[in-house]
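File shown: start-v5.tsv (TSV, C-alpha atoms).
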```tsv
chain	number	residue	atom	x	y	z
A	19	MET	CA	-119.21	37.57	56.76
A	20	ALA	CA	-118.07	40.70	58.57
A	21	PRO	CA	-115.12	40.76	61.01
A	22	LEU	CA	-116.14	42.58	64.20
A	23	ASN	CA	-112.78	42.58	65.91
A	24	ASN	CA	-109.24	41.40	65.28
A	25	SER	CA	-107.02	41.30	68.32
A	26	SER	CA	-104.16	39.48	69.98
A	27	VAL	CA	-104.64	37.54	73.20
A	28	LYS	CA	-102.18	35.88	75.59
A	29	THR	CA	-102.46	32.19	76.41
A	30	LEU	CA	-100.64	32.28	79.73
A	31	GLU	CA	-101.25	28.62	80.50
A	32	PHE	CA	-99.87	27.53	77.12
A	33	LEU	CA	-96.97	29.96	76.86
A	34	PRO	CA	-95.25	28.64	73.70
A	35	LEU	CA	-98.38	29.37	71.67
A	36	ASN	CA	-97.84	33.11	72.17
A	37	GLY	CA	-94.57	33.15	70.26
A	38	LYS	CA	-93.68	32.66	66.62
A	39	ILE	CA	-91.69	30.04	64.79
A	40	THR	CA	-88.52	31.55	63.34
A	41	TRP	CA	-85.51	30.11	61.55
A	42	PRO	CA	-82.46	32.27	62.27
A	43	PRO	CA	-79.69	32.07	59.63
A	44	GLN	CA	-77.21	30.77	62.20
A	45	SER	CA	-79.57	28.04	63.45
A	46	HIS	CA	-79.71	24.54	61.99
A	47	LYS	CA	-83.42	24.25	62.76
A	48	PRO	CA	-86.42	26.47	63.55
A	49	ILE	CA	-87.07	27.75	67.07
A	50	ILE	CA	-90.02	29.25	68.94
A	51	GLN	CA	-89.27	32.85	69.87
A	52	TYR	CA	-91.36	35.16	72.00
A	53	THR	CA	-91.11	38.93	71.58
A	54	PRO	CA	-92.98	41.35	73.88
A	55	GLY	CA	-96.27	42.11	72.20
A	56	ASP	CA	-96.64	38.68	70.61
A	57	GLY	CA	-99.83	36.74	71.21
A	58	VAL	CA	-102.43	34.56	69.57
A	59	SER	CA	-104.55	36.15	66.84
A	60	LEU	CA	-108.24	36.16	67.80
A	61	ILE	CA	-110.85	37.29	65.29
A	62	ILE	CA	-114.47	37.97	66.30
A	63	ALA	CA	-116.76	37.83	63.27
A	64	GLN	CA	-120.43	37.67	62.38
A	65	SER	CA	-122.04	35.56	59.66
A	66	GLU	CA	-125.41	35.68	57.96
A	67	ALA	CA	-125.03	32.10	56.72
A	68	GLU	CA	-127.50	29.43	57.82
A	69	PHE	CA	-126.15	27.92	61.04
A	70	ASP	CA	-128.18	24.69	60.82
A	71	HIS	CA	-126.98	24.09	57.27
A	72	LEU	CA	-123.29	24.53	58.15
A	73	SER	CA	-123.55	22.39	61.28
A	74	GLY	CA	-125.50	19.60	59.57
A	75	ASN	CA	-124.35	16.35	58.00
A	76	LEU	CA	-125.75	16.79	54.49
A	77	ALA	CA	-123.54	17.72	51.55
A	78	ARG	CA	-122.76	21.41	51.24
A	79	GLU	CA	-120.28	23.47	49.23
A	80	THR	CA	-116.78	23.12	50.65
A	81	ILE	CA	-116.15	26.84	50.35
A	82	ALA	CA	-119.08	27.52	52.71
A	83	SER	CA	-116.88	26.55	55.67
A	84	HIS	CA	-113.82	28.55	54.60
A	85	PRO	CA	-114.91	31.87	56.21
A	86	LEU	CA	-115.12	30.08	59.59
A	87	VAL	CA	-111.47	29.00	59.51
A	88	PRO	CA	-108.95	31.63	60.73
A	89	HIS	CA	-105.94	32.52	58.62
A	90	LEU	CA	-102.57	31.47	60.03
A	91	ASP	CA	-99.90	34.07	59.38
A	92	THR	CA	-96.86	32.41	57.78
A	93	SER	CA	-93.96	33.52	55.63
A	94	GLN	CA	-90.55	32.32	54.58
A	95	SER	CA	-88.97	33.61	57.80
A	96	HIS	CA	-91.63	33.29	60.50
A	97	ALA	CA	-94.95	31.64	61.29
A	98	SER	CA	-97.66	31.99	63.91
A	99	ILE	CA	-98.38	28.85	65.89
A	100	ILE	CA	-102.15	29.02	66.19
A	101	SER	CA	-104.92	31.44	65.32
A	102	LEU	CA	-108.49	31.54	66.63
A	103	GLN	CA	-111.79	32.84	65.31
A	104	VAL	CA	-115.19	33.09	66.98
A	105	THR	CA	-118.01	33.55	64.48
A	106	LEU	CA	-121.44	34.64	65.70
A	107	PHE	CA	-124.61	33.52	63.94
A	108	PRO	CA	-127.26	35.90	65.35
A	109	ASN	CA	-130.12	34.14	67.13
A	110	ALA	CA	-128.67	30.75	66.17
A	111	GLY	CA	-125.27	29.99	67.70
A	112	PHE	CA	-121.56	30.52	67.25
A	113	CYS	CA	-118.53	28.69	65.86
A	114	ILE	CA	-114.99	28.50	67.24
A	115	GLY	CA	-112.37	27.90	64.57
A	116	LEU	CA	-108.72	27.01	65.18
A	117	THR	CA	-105.83	26.78	62.72
A	118	ALA	CA	-102.53	25.33	63.98
A	119	HIS	CA	-99.00	24.91	62.68
A	120	HIS	CA	-98.09	21.23	63.01
A	121	ALA	CA	-94.42	22.03	63.48
A	122	VAL	CA	-95.37	22.82	67.08
A	123	LEU	CA	-98.47	20.84	67.98
A	124	ASP	CA	-100.40	17.83	66.74
A	125	GLY	CA	-104.12	17.10	66.83
A	126	LYS	CA	-104.05	15.74	70.37
A	127	SER	CA	-102.30	18.88	71.64
A	128	SER	CA	-104.64	21.30	69.86
A	129	THR	CA	-107.60	19.35	71.27
A	130	MET	CA	-106.06	19.59	74.75
A	131	PHE	CA	-105.75	23.36	74.34
A	132	MET	CA	-109.41	23.67	73.33
A	133	LYS	CA	-110.56	21.50	76.23
A	134	ALA	CA	-108.47	23.49	78.72
A	135	TRP	CA	-109.91	26.75	77.38
A	136	ALA	CA	-113.41	25.27	77.66
A	137	TYR	CA	-112.76	24.05	81.20
A	138	ILE	CA	-111.60	27.49	82.35
A	139	CYS	CA	-114.65	29.13	80.77
A	140	ARG	CA	-116.98	26.52	82.26
A	141	THR	CA	-115.59	26.93	85.79
A	142	PHE	CA	-115.20	30.73	85.73
A	143	GLY	CA	-116.22	32.14	89.11
A	144	LYS	CA	-116.24	28.74	90.76
A	145	GLU	CA	-113.86	27.33	93.33
A	146	GLU	CA	-112.14	25.10	90.79
A	147	PHE	CA	-111.54	28.01	88.34
A	148	GLY	CA	-108.04	28.62	86.97
A	149	PHE	CA	-105.05	26.89	85.42
A	150	SER	CA	-103.81	25.46	88.72
A	151	PHE	CA	-107.05	23.54	89.02
A	152	LEU	CA	-106.95	22.01	85.55
A	153	PRO	CA	-107.34	18.22	85.70
A	154	PRO	CA	-104.06	16.35	85.07
A	155	GLU	CA	-104.98	15.37	81.52
A	156	LEU	CA	-105.33	19.06	80.59
A	157	LYS	CA	-102.08	20.29	82.15
A	158	PRO	CA	-99.54	20.46	79.30
A	159	SER	CA	-96.02	19.14	79.61
A	160	PHE	CA	-93.49	21.13	77.56
A	161	ASP	CA	-90.42	19.08	78.50
A	162	ARG	CA	-88.72	18.37	75.16
A	163	SER	CA	-86.00	16.35	76.89
A	164	LEU	CA	-88.53	13.53	77.13
A	165	ILE	CA	-88.06	12.85	73.42
A	166	LYS	CA	-84.95	10.75	72.77
A	167	ASP	CA	-83.59	11.04	69.23
A	168	PRO	CA	-80.26	9.17	69.04
A	169	ASN	CA	-80.50	8.90	65.25
A	170	ARG	CA	-81.03	12.68	64.86
A	171	LEU	CA	-84.19	12.29	62.85
A	172	ASP	CA	-84.78	16.00	63.38
A	173	MET	CA	-81.84	16.86	61.12
A	174	VAL	CA	-82.63	14.06	58.65
A	175	TYR	CA	-86.12	15.48	58.19
A	176	LEU	CA	-84.96	19.10	58.02
A	177	ASN	CA	-82.40	18.24	55.36
A	178	GLN	CA	-84.98	16.33	53.30
A	179	PHE	CA	-87.53	19.09	53.88
A	180	THR	CA	-85.31	21.81	52.45
A	181	ALA	CA	-84.12	19.53	49.63
A	182	LEU	CA	-87.65	18.68	48.53
A	183	GLY	CA	-89.04	22.17	48.98
A	184	ALA	CA	-91.34	23.35	51.73
A	185	ASN	CA	-94.51	22.57	49.82
A	186	SER	CA	-93.43	19.16	48.44
A	187	GLU	CA	-95.25	20.03	45.22
A	188	PRO	CA	-94.40	18.64	41.78
A	189	LYS	CA	-92.39	21.81	41.05
A	190	GLN	CA	-89.96	21.54	43.91
A	191	TYR	CA	-87.39	24.06	45.03
A	192	LYS	CA	-84.68	24.21	47.66
A	193	GLU	CA	-85.05	26.79	50.40
A	194	ARG	CA	-85.77	27.39	54.04
A	195	SER	CA	-89.42	28.15	54.49
A	196	LEU	CA	-91.89	28.19	57.35
A	197	ARG	CA	-94.97	28.37	55.17
A	198	ILE	CA	-97.54	25.69	55.87
A	199	LEU	CA	-98.29	23.12	53.18
A	200	SER	CA	-100.13	24.72	50.31
A	201	ASN	CA	-103.67	23.47	49.84
A	202	THR	CA	-103.63	24.25	46.14
A	203	TRP	CA	-102.65	20.70	45.32
A	204	ARG	CA	-104.48	18.93	48.14
A	205	GLN	CA	-107.99	20.30	47.80
A	206	SER	CA	-110.08	20.98	44.74
A	207	LYS	CA	-110.95	24.64	44.29
A	208	SER	CA	-113.82	23.66	42.03
A	209	PRO	CA	-117.19	25.14	43.02
A	210	ASP	CA	-118.49	21.58	42.60
A	211	SER	CA	-116.49	20.44	45.65
A	212	VAL	CA	-118.76	19.47	48.54
A	213	ARG	CA	-118.32	18.34	52.15
A	214	ALA	CA	-120.53	15.87	54.02
A	215	THR	CA	-120.55	13.84	57.23
A	216	PHE	CA	-121.42	10.15	57.32
A	217	GLN	CA	-122.23	8.21	60.46
A	218	LEU	CA	-121.58	4.67	61.60
A	219	ASN	CA	-123.53	3.75	64.72
A	220	ARG	CA	-122.43	1.10	67.20
A	221	ALA	CA	-124.52	-1.58	65.50
A	222	ASP	CA	-123.00	-0.77	62.08
A	223	ILE	CA	-119.47	-1.02	63.46
A	224	ASP	CA	-120.20	-4.31	65.20
A	225	LYS	CA	-121.54	-5.75	61.93
A	226	LEU	CA	-118.44	-4.64	60.04
A	227	LYS	CA	-116.18	-6.20	62.67
A	228	LYS	CA	-118.16	-9.44	62.60
A	229	ARG	CA	-117.97	-9.59	58.80
A	230	VAL	CA	-114.19	-9.17	58.84
A	231	LEU	CA	-113.49	-11.59	61.68
A	232	THR	CA	-115.87	-14.25	60.32
A	233	GLN	CA	-114.10	-14.29	56.94
A	234	TRP	CA	-110.58	-13.58	58.23
A	235	ASP	CA	-109.11	-17.02	57.54
A	236	ALA	CA	-111.20	-17.66	54.44
A	237	ILE	CA	-109.64	-14.82	52.44
A	238	ASN	CA	-105.88	-14.99	51.85
A	239	GLN	CA	-104.00	-13.74	48.82
A	240	GLU	CA	-101.64	-16.17	47.14
A	241	GLY	CA	-98.10	-15.95	48.52
A	242	GLU	CA	-99.18	-13.62	51.32
A	243	LYS	CA	-97.80	-14.16	54.80
A	244	LYS	CA	-100.60	-15.22	57.09
A	245	ILE	CA	-101.84	-12.51	59.43
A	246	GLU	CA	-102.92	-13.95	62.75
A	247	LYS	CA	-106.60	-13.40	63.46
A	248	PRO	CA	-107.21	-11.05	66.41
A	249	VAL	CA	-109.75	-11.64	69.16
A	250	ASN	CA	-111.15	-8.15	68.59
A	251	LEU	CA	-110.92	-5.60	65.81
A	252	SER	CA	-110.60	-1.89	66.55
A	253	THR	CA	-113.22	0.61	65.49
A	254	PHE	CA	-110.47	2.51	63.65
A	255	VAL	CA	-109.57	-0.50	61.47
A	256	ALA	CA	-113.20	-1.41	60.71
A	257	THR	CA	-114.14	2.19	59.86
A	258	CYS	CA	-111.15	2.92	57.63
A	259	ALA	CA	-111.51	-0.40	55.79
A	260	TYR	CA	-115.16	0.20	54.98
A	261	VAL	CA	-114.66	3.81	53.88
A	262	LEU	CA	-111.70	2.82	51.68
A	263	VAL	CA	-113.67	0.05	49.93
A	264	CYS	CA	-116.35	2.62	49.07
A	265	MET	CA	-113.71	5.14	47.98
A	266	ASN	CA	-112.13	2.56	45.70
A	267	GLU	CA	-115.33	2.49	43.65
A	268	VAL	CA	-115.30	6.29	43.42
A	269	PHE	CA	-111.63	6.54	42.34
A	270	LYS	CA	-111.55	3.65	39.89
A	271	ASP	CA	-109.02	5.38	37.66
A	272	LYS	CA	-106.46	5.63	40.50
A	273	ASP	CA	-104.57	3.17	42.67
A	274	ILE	CA	-105.32	3.97	46.30
A	275	VAL	CA	-102.45	4.35	48.77
A	276	PHE	CA	-103.54	4.54	52.40
A	277	GLY	CA	-101.64	6.04	55.31
A	278	PHE	CA	-102.47	7.21	58.81
A	279	ILE	CA	-100.92	9.18	61.66
A	280	ALA	CA	-100.28	7.43	64.99
A	281	ASP	CA	-99.76	9.00	68.40
A	282	CYS	CA	-96.30	7.90	69.57
A	283	ARG	CA	-96.44	9.15	73.18
A	284	ALA	CA	-97.12	5.72	74.66
A	285	ARG	CA	-95.21	3.86	71.94
A	286	LEU	CA	-91.76	5.42	72.30
A	287	ASP	CA	-89.08	3.83	74.46
A	288	PRO	CA	-89.22	5.18	77.07
A	289	PRO	CA	-92.85	6.33	76.72
A	290	VAL	CA	-93.73	10.02	76.91
A	291	ASP	CA	-96.22	11.57	79.32
A	292	PRO	CA	-99.75	11.48	77.80
A	293	SER	CA	-100.03	15.24	78.41
A	294	TYR	CA	-96.87	15.98	76.38
A	295	PHE	CA	-97.73	19.13	74.43
A	296	GLY	CA	-96.18	19.24	71.00
A	297	ASN	CA	-96.01	17.15	67.87
A	298	CYS	CA	-95.48	13.52	68.85
A	299	VAL	CA	-97.02	11.64	65.94
A	300	PHE	CA	-95.64	9.65	63.06
A	301	PRO	CA	-97.13	8.78	59.64
A	302	TYR	CA	-97.38	5.21	58.40
A	303	ILE	CA	-98.08	3.85	54.95
A	304	VAL	CA	-100.06	0.61	54.88
A	305	ASP	CA	-98.53	-2.07	52.64
A	306	THR	CA	-101.26	-2.88	50.15
A	307	GLU	CA	-101.84	-3.82	46.54
A	308	PRO	CA	-104.48	-2.04	44.43
A	309	GLY	CA	-106.69	-5.12	44.49
A	310	ASP	CA	-106.87	-5.11	48.27
A	311	PHE	CA	-109.28	-2.20	48.26
A	312	THR	CA	-111.98	-4.17	46.47
A	313	ASP	CA	-112.58	-6.35	49.52
A	314	LEU	CA	-113.42	-5.28	53.07
A	315	VAL	CA	-111.64	-8.22	54.71
A	316	ASN	CA	-108.39	-7.81	52.75
A	317	VAL	CA	-107.98	-4.12	53.44
A	318	ALA	CA	-108.96	-4.54	57.11
A	319	LYS	CA	-106.27	-7.22	57.51
A	320	LYS	CA	-103.61	-4.97	55.97
A	321	ILE	CA	-104.52	-1.99	58.18
A	322	PHE	CA	-104.67	-4.23	61.25
A	323	ASN	CA	-101.24	-5.64	60.45
A	324	GLN	CA	-99.70	-2.14	60.28
A	325	VAL	CA	-101.36	-1.08	63.54
A	326	LYS	CA	-100.19	-4.30	65.19
A	327	LYS	CA	-96.57	-3.46	64.32
A	328	LEU	CA	-96.82	-0.30	66.40
A	329	GLU	CA	-97.13	-2.37	69.56
A	330	LYS	CA	-93.54	-3.57	69.22
A	331	GLY	CA	-91.81	-0.50	70.64
A	332	ALA	CA	-88.66	-0.10	68.56
A	333	ALA	CA	-90.59	-0.79	65.35
A	334	VAL	CA	-92.47	2.49	65.77
A	335	LEU	CA	-89.78	4.45	63.89
A	336	ASP	CA	-88.66	1.75	61.45
A	337	GLY	CA	-88.01	3.30	58.04
A	338	ALA	CA	-88.36	6.81	59.42
A	339	GLU	CA	-85.34	8.18	57.55
A	340	GLY	CA	-86.82	7.70	54.09
A	341	LEU	CA	-90.45	8.50	54.79
A	342	PRO	CA	-90.58	12.21	53.74
A	343	SER	CA	-89.26	11.49	50.24
A	344	LYS	CA	-91.54	8.46	49.94
A	345	TRP	CA	-94.61	10.54	50.84
A	346	ALA	CA	-93.58	13.26	48.39
A	347	SER	CA	-93.15	10.72	45.58
A	348	LEU	CA	-96.53	9.10	46.23
A	349	SER	CA	-98.33	12.44	46.54
A	350	SER	CA	-97.02	13.68	43.19
A	351	SER	CA	-97.85	10.46	41.29
A	352	SER	CA	-100.59	10.93	38.72
A	353	SER	CA	-101.59	7.26	38.91
A	354	LYS	CA	-102.11	7.10	42.66
A	355	ARG	CA	-104.63	8.54	45.08
A	356	VAL	CA	-103.15	9.01	48.56
A	357	ILE	CA	-105.77	8.76	51.30
A	358	GLY	CA	-105.01	9.81	54.88
A	359	VAL	CA	-106.86	10.29	58.17
A	360	SER	CA	-107.33	13.47	60.19
A	361	GLY	CA	-108.74	13.60	63.69
A	362	SER	CA	-109.45	10.61	65.90
A	363	ASN	CA	-112.40	9.10	67.72
A	364	ARG	CA	-110.09	8.97	70.76
A	365	PHE	CA	-109.85	12.76	70.97
A	366	ARG	CA	-113.37	12.90	72.45
A	367	VAL	CA	-113.95	16.29	70.87
A	368	TYR	CA	-117.61	16.38	71.91
A	369	GLU	CA	-116.48	16.63	75.52
A	370	THR	CA	-115.28	20.20	74.78
A	371	ASP	CA	-117.89	21.99	76.90
A	372	PHE	CA	-117.58	25.78	77.35
A	373	GLY	CA	-120.55	25.83	79.72
A	374	TRP	CA	-123.39	25.34	77.27
A	375	GLY	CA	-123.15	21.58	76.90
A	376	LYS	CA	-121.81	19.54	74.01
A	377	PRO	CA	-121.01	21.25	70.71
A	378	ILE	CA	-123.62	20.70	68.02
A	379	LYS	CA	-120.93	19.77	65.52
A	380	VAL	CA	-117.15	19.37	65.53
A	381	GLU	CA	-115.32	18.75	62.29
A	382	THR	CA	-111.89	18.99	60.77
A	383	THR	CA	-111.97	20.99	57.56
A	384	THR	CA	-110.75	17.93	55.70
A	385	THR	CA	-109.31	18.18	52.24
A	386	SER	CA	-110.02	15.89	49.32
A	387	GLY	CA	-108.29	12.58	49.96
A	388	THR	CA	-108.64	12.75	53.73
A	389	ILE	CA	-110.94	10.80	56.03
A	390	GLY	CA	-111.98	13.10	58.86
A	391	MET	CA	-112.79	11.06	61.97
A	392	ALA	CA	-114.47	11.86	65.29
A	393	GLU	CA	-116.59	10.05	67.84
A	394	SER	CA	-120.35	10.40	67.46
A	395	ARG	CA	-121.96	13.23	69.37
A	396	ASP	CA	-124.43	10.89	71.09
A	397	GLY	CA	-121.58	9.14	72.92
A	398	ASN	CA	-122.87	5.67	72.10
A	399	GLY	CA	-119.72	4.37	70.43
A	400	GLY	CA	-120.42	5.48	66.89
A	401	ILE	CA	-118.17	7.34	64.45
A	402	GLU	CA	-118.57	10.51	62.38
A	403	ILE	CA	-116.72	10.54	59.05
A	404	GLY	CA	-116.09	13.81	57.23
A	405	LEU	CA	-115.31	13.68	53.51
A	406	VAL	CA	-114.78	16.04	50.57
A	407	PHE	CA	-115.59	15.04	46.98
A	408	SER	CA	-116.96	16.56	43.82
A	409	LYS	CA	-120.76	16.49	43.85
A	410	ASP	CA	-120.97	13.49	41.51
A	411	GLU	CA	-118.36	11.61	43.53
A	412	MET	CA	-120.20	12.41	46.76
A	413	ASP	CA	-123.48	11.09	45.34
A	414	LEU	CA	-121.78	7.85	44.29
A	415	PHE	CA	-119.99	7.45	47.63
A	416	ALA	CA	-123.21	8.07	49.59
A	417	SER	CA	-125.04	5.43	47.56
A	418	LEU	CA	-122.25	2.87	48.09
A	419	PHE	CA	-121.91	3.71	51.78
A	420	HIS	CA	-125.59	3.32	52.65
A	421	SER	CA	-126.32	0.34	50.39
A	422	GLY	CA	-123.28	-1.49	51.76
A	423	LEU	CA	-124.48	-1.06	55.33
A	424	GLU	CA	-127.97	-2.24	54.43
A	425	ALA	CA	-126.48	-5.40	52.90
A	426	LEU	CA	-124.64	-6.40	56.07
A	427	PRO	CA	-126.27	-9.32	57.88
```
File written out as structure tokens:
Amino acid sequence: MAPLNNSSVKTLEFLPLNGKITWPPQSHKPIIQYTPGDGVSLIIAQSEAEFDHLSGNLARETIASHPLVPHLDTSQSHASIISLQVTLFPNAGFCIGLTAHHAVLDGKSSTMFMKAWAYICRTFGKEEFGFSFLPPELKPSFDRSLIKDPNRLDMVYLNQFTALGANSEPKQYKERSLRILSNTWRQSKSPDSVRATFQLNRADIDKLKKRVLTQWDAINQEGEKKIEKPVNLSTFVATCAYVLVCMNEVFKDKDIVFGFIADCRARLDPPVDPSYFGNCVFPYIVDTEPGDFTDLVNVAKKIFNQVKKLEKGAAVLDGAEGLPSKWASLSSSSSKRVIGVSGSNRFRVYETDFGWGKPIKVETTTTSGTIGMAESRDGNGGIEIGLVFSKDEMDLFASLFHSGLEALP
């Protein structure tokens, strides 16, 4: 792939993105600083790769997507916030890649930025063109005073962050660093590593929900506190439970630990504006035993129970002080396989229309051990699931995934 242009652009409507994250010696925590001349890195490139292959669902080498993802400039002392890359596939299409630093913005915020950019492009030259005409859900709120932190979790996390080391790797070190998490321990560099997308349509999801709810009361582990049966089960719970049961067969030599990231905007007390632009998420670890992942109903109940706790307001940040060290310990354990989730079917990423209609494919460049999630492109209530495995693991997972769906009544 050949870069055609590398330039810096200003995002006037999203001003903080133009600056850089710095950590001055006299400051207790990092800040965003803008210096004249700063901007967002934009690379224009051209690729001779096969567009249909890269935008398809079938398994392909993980490294095939790497040239489409822009590099984010980071160092010990400073870090860019986002970087963009537009890659042209002659006579086929183009790809827009975005890399973001999560110290400043979460997945919902980066999706908002992309949708606002798309809206401005789509309405260029029309009466509704421009930032002032952005719909309310695309107008970012940068008011940090909305976040109340009486327990000073910001300093608790910063202290643990520097104590554990910026990369939280097995070989830890103490220092200030603004480098993003190293992928060397999260994603296999093996040429055998492949990426694929699996789909659950609306009928599949309804069958999974029915299976879980029908057997909810029939399956209880000895000594386990009864989890009240819900009237409905969310698509998120049903999807994660099914994928994890299949993954459990793939990773038989490891004990699975499952966690997910939840948007806290509406869950904080008081709640934060839905258009709050920043990082307003929190990770949760689902309380499970290794045996739970052998049964769809058991794991669905455990995930549901954790999600249900988030409805209780103050419980949203329970145990927050010790979470960074807990995650680091689990991630470095040789006997455990930590599985997380990236993306969300609620982001509605296929509504990102630059003027040419829906994107052909939107995916998070998920790492091994991550369930990438998005709504189906057809808009009929299905789910797209992006996964990375070795080729043999992918073949086994695909067999389990499809045969399991076929067996559902």
*Can you tell me, as a ChimeraX atom specification, which residues sit within 12 Å of (-104.1, -0.4, 59.7) in the file's frame, using all atoms listed in the file?*
/A:251-259,262,276-280,301-306,315-328,358-359
Check: Which one of A:Leu90, A:Ala121, A:Ile165, A:Ala63 sits closest to Ile50 of chain A if you count only C-alpha atoms?
Finding: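 Result for the nearest residue to Ile50 of chain A: A:Ala121.
Note that the spacing between atom CA of Ala134 of chain A and atom CA of Leu156 of chain A amounts to 5.7 Å.
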Students should find that atom CA of Ser65 of chain A and atom CA of Leu106 of chain A are spaced 6.1 Å
TODO: Please identify all polymer residues lying at most 6 Å from the point (-103.1, 4.1, 37.5) (file coordinates), using all atoms listed in the file, and present the result as a PyMOL selection string.
DONE: chain A and resi 272-273+353
Keeping C-alpha atoms, export the residues of the selection given above as a short mmCIF file (atom, residue, chain, number, x, y, z; two decimals), in the frame of the given file.
```
data_model
loop_
_atom_site.label_atom_id
_atom_site.label_comp_id
_atom_site.auth_asym_id
_atom_site.auth_seq_id
_atom_site.Cartn_x
_atom_site.Cartn_y
_atom_site.Cartn_z
CA LYS A 272 -106.46 5.63 40.50
CA ASP A 273 -104.57 3.17 42.67
CA SER A 353 -101.59 7.26 38.91
#
```
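Atom CA of Ile198 of chain A is found 17.7 Å from atom CA of Phe300 of chain A.
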Worksheet item: For Val380 of chain A, which residue out of A:Ala136, A:Ala110, A:Cys282, A:Ile403 is the nearest one, using all atoms listed in the file?
Response: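 Smallest distance to Val380 of chain A is found for A:Ile403.
Of the listed residues A:Ser352, A:Ser195, A:Asn398, A:Ser417, the one whose atoms come nearest to Met265 of chain A is A:Ser417, with distances taken using all atoms listed in the file.
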* To do: Identify, on the basis of only C-alpha atoms, every residue whose closest approach to Glu267 of chain A does not exceed 10 Å; exclude the query and any residue fewer than 2 positions from it along the same chain; express the result as a VMD selection string.
  => chain A and resid 262 to 265 269 to 272 311 to 312 411 414 to 415 418
Contacts of Gln94 of chain A within 9 Å, only C-alpha atoms, excl. fewer than 4 positions in-chain, as number ranges by chain:
A: 41, 193-197
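Proximity ranking of A:Trp345, A:Phe131, A:Trp374, A:Phe69 relative to Cys113 of chain A places A:Phe69 first, based on all atoms listed in the file.
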